[in-house]
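As stored in input-v1.pdb (PDB, C-alpha atoms, pLDDT in the B column):
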ATOM      1  CA  MET Y  16     -17.836 -12.537   3.760  1.00 85.00           C
ATOM      2  CA  LYS Y  17     -16.384 -12.963   0.276  1.00 84.00           C
ATOM      3  CA  GLU Y  18     -17.524  -9.478  -0.761  1.00 87.00           C
ATOM      4  CA  PHE Y  19     -15.999  -7.973   2.374  1.00 91.00           C
ATOM      5  CA  LEU Y  20     -12.603  -9.540   1.659  1.00 88.00           C
ATOM      6  CA  ILE Y  21     -12.744  -8.337  -1.949  1.00 88.00           C
ATOM      7  CA  ILE Y  22     -13.380  -4.781  -0.719  1.00 91.00           C
ATOM      8  CA  VAL Y  23     -10.532  -5.091   1.817  1.00 91.00           C
ATOM      9  CA  GLY Y  24      -8.243  -6.315  -0.974  1.00 90.00           C
ATOM     10  CA  LEU Y  25      -9.171  -3.349  -3.151  1.00 92.00           C
ATOM     11  CA  ILE Y  26      -8.531  -0.937  -0.276  1.00 94.00           C
ATOM     12  CA  PHE Y  27      -5.119  -2.512   0.437  1.00 93.00           C
ATOM     13  CA  LEU Y  28      -4.294  -2.308  -3.260  1.00 93.00           C
ATOM     14  CA  LEU Y  29      -5.303   1.345  -3.429  1.00 94.00           C
ATOM     15  CA  ILE Y  30      -3.369   2.342  -0.295  1.00 94.00           C
ATOM     16  CA  GLY Y  31      -0.297   0.418  -1.478  1.00 94.00           C
ATOM     17  CA  VAL Y  32      -0.215   2.067  -4.893  1.00 94.00           C
ATOM     18  CA  ILE Y  33      -0.709   5.515  -3.366  1.00 93.00           C
ATOM     19  CA  ALA Y  34       2.097   4.847  -0.870  1.00 91.00           C
ATOM     20  CA  ILE Y  35       4.469   3.801  -3.655  1.00 93.00           C
ATOM     21  CA  TYR Y  36       3.598   6.770  -5.854  1.00 94.00           C
ATOM     22  CA  ASP Y  37       3.625   9.426  -3.108  1.00 92.00           C
ATOM     23  CA  ALA Y  38       6.462   8.122  -0.935  1.00 88.00           C
ATOM     24  CA  ARG Y  39       8.591  11.246  -1.293  1.00 87.00           C
ATOM     25  CA  PRO Y  40       5.851  13.772  -0.391  1.00 87.00           C
ATOM     26  CA  LEU Y  41       4.664  11.532   2.447  1.00 84.00           C
ATOM     27  CA  SER Y  42       8.184  11.428   3.903  1.00 82.00           C
ATOM     28  CA  ARG Y  43       8.259  15.238   4.161  1.00 81.00           C
ATOM     29  CA  TYR Y  44       5.653  15.339   6.933  1.00 76.00           C
ATOM     30  CA  LYS Y  45       6.930  16.534  10.282  1.00 61.00           C
ATOM     31  CA  ILE Y  46       5.854  13.366  12.089  1.00 64.00           C
ATOM     32  CA  PHE Y  47       8.739  11.508  10.447  1.00 64.00           C
ATOM     33  CA  LYS Y  48      12.154  12.360  11.843  1.00 71.00           C
ATOM     34  CA  GLY Y  49      15.319  11.320  10.086  1.00 73.00           C
ATOM     35  CA  GLU Y  50      16.736  11.032   6.609  1.00 83.00           C
ATOM     36  CA  GLN Y  51      14.155  11.523   3.887  1.00 84.00           C
ATOM     37  CA  ASN Y  52      15.573   8.902   1.507  1.00 84.00           C
ATOM     38  CA  LYS Y  53      15.441   6.115   4.101  1.00 86.00           C
ATOM     39  CA  ILE Y  54      11.903   7.050   5.082  1.00 86.00           C
ATOM     40  CA  ALA Y  55      10.782   7.160   1.431  1.00 89.00           C
ATOM     41  CA  LYS Y  56      12.320   3.730   0.837  1.00 91.00           C
ATOM     42  CA  GLY Y  57      10.498   2.349   3.884  1.00 90.00           C
ATOM     43  CA  ILE Y  58       7.191   3.809   2.705  1.00 90.00           C
ATOM     44  CA  LYS Y  59       7.708   2.245  -0.733  1.00 94.00           C
ATOM     45  CA  ILE Y  60       8.440  -1.160   0.810  1.00 95.00           C
ATOM     46  CA  VAL Y  61       5.310  -0.970   2.963  1.00 94.00           C
ATOM     47  CA  GLY Y  62       3.318   0.143  -0.094  1.00 95.00           C
ATOM     48  CA  PHE Y  63       4.640  -2.776  -2.107  1.00 96.00           C
ATOM     49  CA  ALA Y  64       3.725  -5.209   0.674  1.00 96.00           C
ATOM     50  CA  LEU Y  65       0.204  -3.778   0.922  1.00 94.00           C
ATOM     51  CA  THR Y  66      -0.170  -4.007  -2.852  1.00 95.00           C
ATOM     52  CA  MET Y  67       0.868  -7.663  -2.819  1.00 95.00           C
ATOM     53  CA  VAL Y  68      -1.540  -8.479   0.030  1.00 94.00           C
ATOM     54  CA  GLY Y  69      -4.358  -6.754  -1.861  1.00 93.00           C
ATOM     55  CA  LEU Y  70      -3.549  -8.608  -5.064  1.00 92.00           C
ATOM     56  CA  ILE Y  71      -3.407 -11.958  -3.262  1.00 92.00           C
ATOM     57  CA  LEU Y  72      -6.786 -11.309  -1.649  1.00 90.00           C
ATOM     58  CA  LEU Y  73      -8.300 -10.373  -4.994  1.00 90.00           C
ATOM     59  CA  TYR Y  74      -6.750 -13.351  -6.741  1.00 91.00           C
ATOM     60  CA  ASN Y  75      -8.027 -15.797  -4.124  1.00 89.00           C
ATOM     61  CA  PHE Y  76     -11.551 -14.472  -3.924  1.00 86.00           C
ATOM     62  CA  LEU Y  77     -12.257 -13.473  -7.522  1.00 84.00           C
ATOM     63  CA  ASN Y  78     -11.191 -16.875  -8.912  1.00 75.00           C
ATOM     64  CA  ILE Y  79      -9.299 -15.401 -11.837  1.00 61.00           C
TER      65      ILE Y  79
END
Let me see the structure of the file written as structure tokens.
Amino acid sequence: MKEFLIIVGLIFLLIGVIAIYDARPLSRYKIFKGEQNKIAKGIKIVGFALTMVGLILLYNFLNI
């Protein structure tokens, strides 16, 4: 179970960093309607939250 949560934390961390870095290109997809700046900001906030969840999982289960 511990290994599974470490892998989930790494995946959340990876997805969060990618979302922060590629927020502008991700907001250009046609599935998102509306202003591009607001959508990019929302993607960055979600990416930051995912990154924090991943870091908390790693911190708790790796005993750093």
For this file, the PyMOL selection byres ((chain Y and resi 63-75) around 10) selects which residues, as a CSV table (one decimal) with C-alpha atoms, in the frame of the given file?
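Everything below was put into expr.csv:
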chain,number,residue,atom,x,y,z
Y,17,LYS,CA,-16.4,-13.0,0.3
Y,20,LEU,CA,-12.6,-9.5,1.7
Y,21,ILE,CA,-12.7,-8.3,-1.9
Y,22,ILE,CA,-13.4,-4.8,-0.7
Y,23,VAL,CA,-10.5,-5.1,1.8
Y,24,GLY,CA,-8.2,-6.3,-1.0
Y,25,LEU,CA,-9.2,-3.3,-3.2
Y,26,ILE,CA,-8.5,-0.9,-0.3
Y,27,PHE,CA,-5.1,-2.5,0.4
Y,28,LEU,CA,-4.3,-2.3,-3.3
Y,29,LEU,CA,-5.3,1.3,-3.4
Y,30,ILE,CA,-3.4,2.3,-0.3
Y,31,GLY,CA,-0.3,0.4,-1.5
Y,32,VAL,CA,-0.2,2.1,-4.9
Y,33,ILE,CA,-0.7,5.5,-3.4
Y,34,ALA,CA,2.1,4.8,-0.9
Y,35,ILE,CA,4.5,3.8,-3.7
Y,57,GLY,CA,10.5,2.3,3.9
Y,58,ILE,CA,7.2,3.8,2.7
Y,59,LYS,CA,7.7,2.2,-0.7
Y,60,ILE,CA,8.4,-1.2,0.8
Y,61,VAL,CA,5.3,-1.0,3.0
Y,62,GLY,CA,3.3,0.1,-0.1
Y,76,PHE,CA,-11.6,-14.5,-3.9
Y,77,LEU,CA,-12.3,-13.5,-7.5
Y,78,ASN,CA,-11.2,-16.9,-8.9
Y,79,ILE,CA,-9.3,-15.4,-11.8
Segment 40-45 of chain Y, all listed atoms, 3 Å padding on each side: what axis-aligned box centre and edge lengths in Å to one decimal come out, as lines of an AutoDock Vina configuration file?
center_x = 6.5
center_y = 14.0
center_z = 4.9
size_x = 9.6
size_y = 11.1
size_z = 16.7
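For the pair atom CA of Asp37 of chain Y and atom CA of Glu18 of chain Y, the separation is 28.5 Å.
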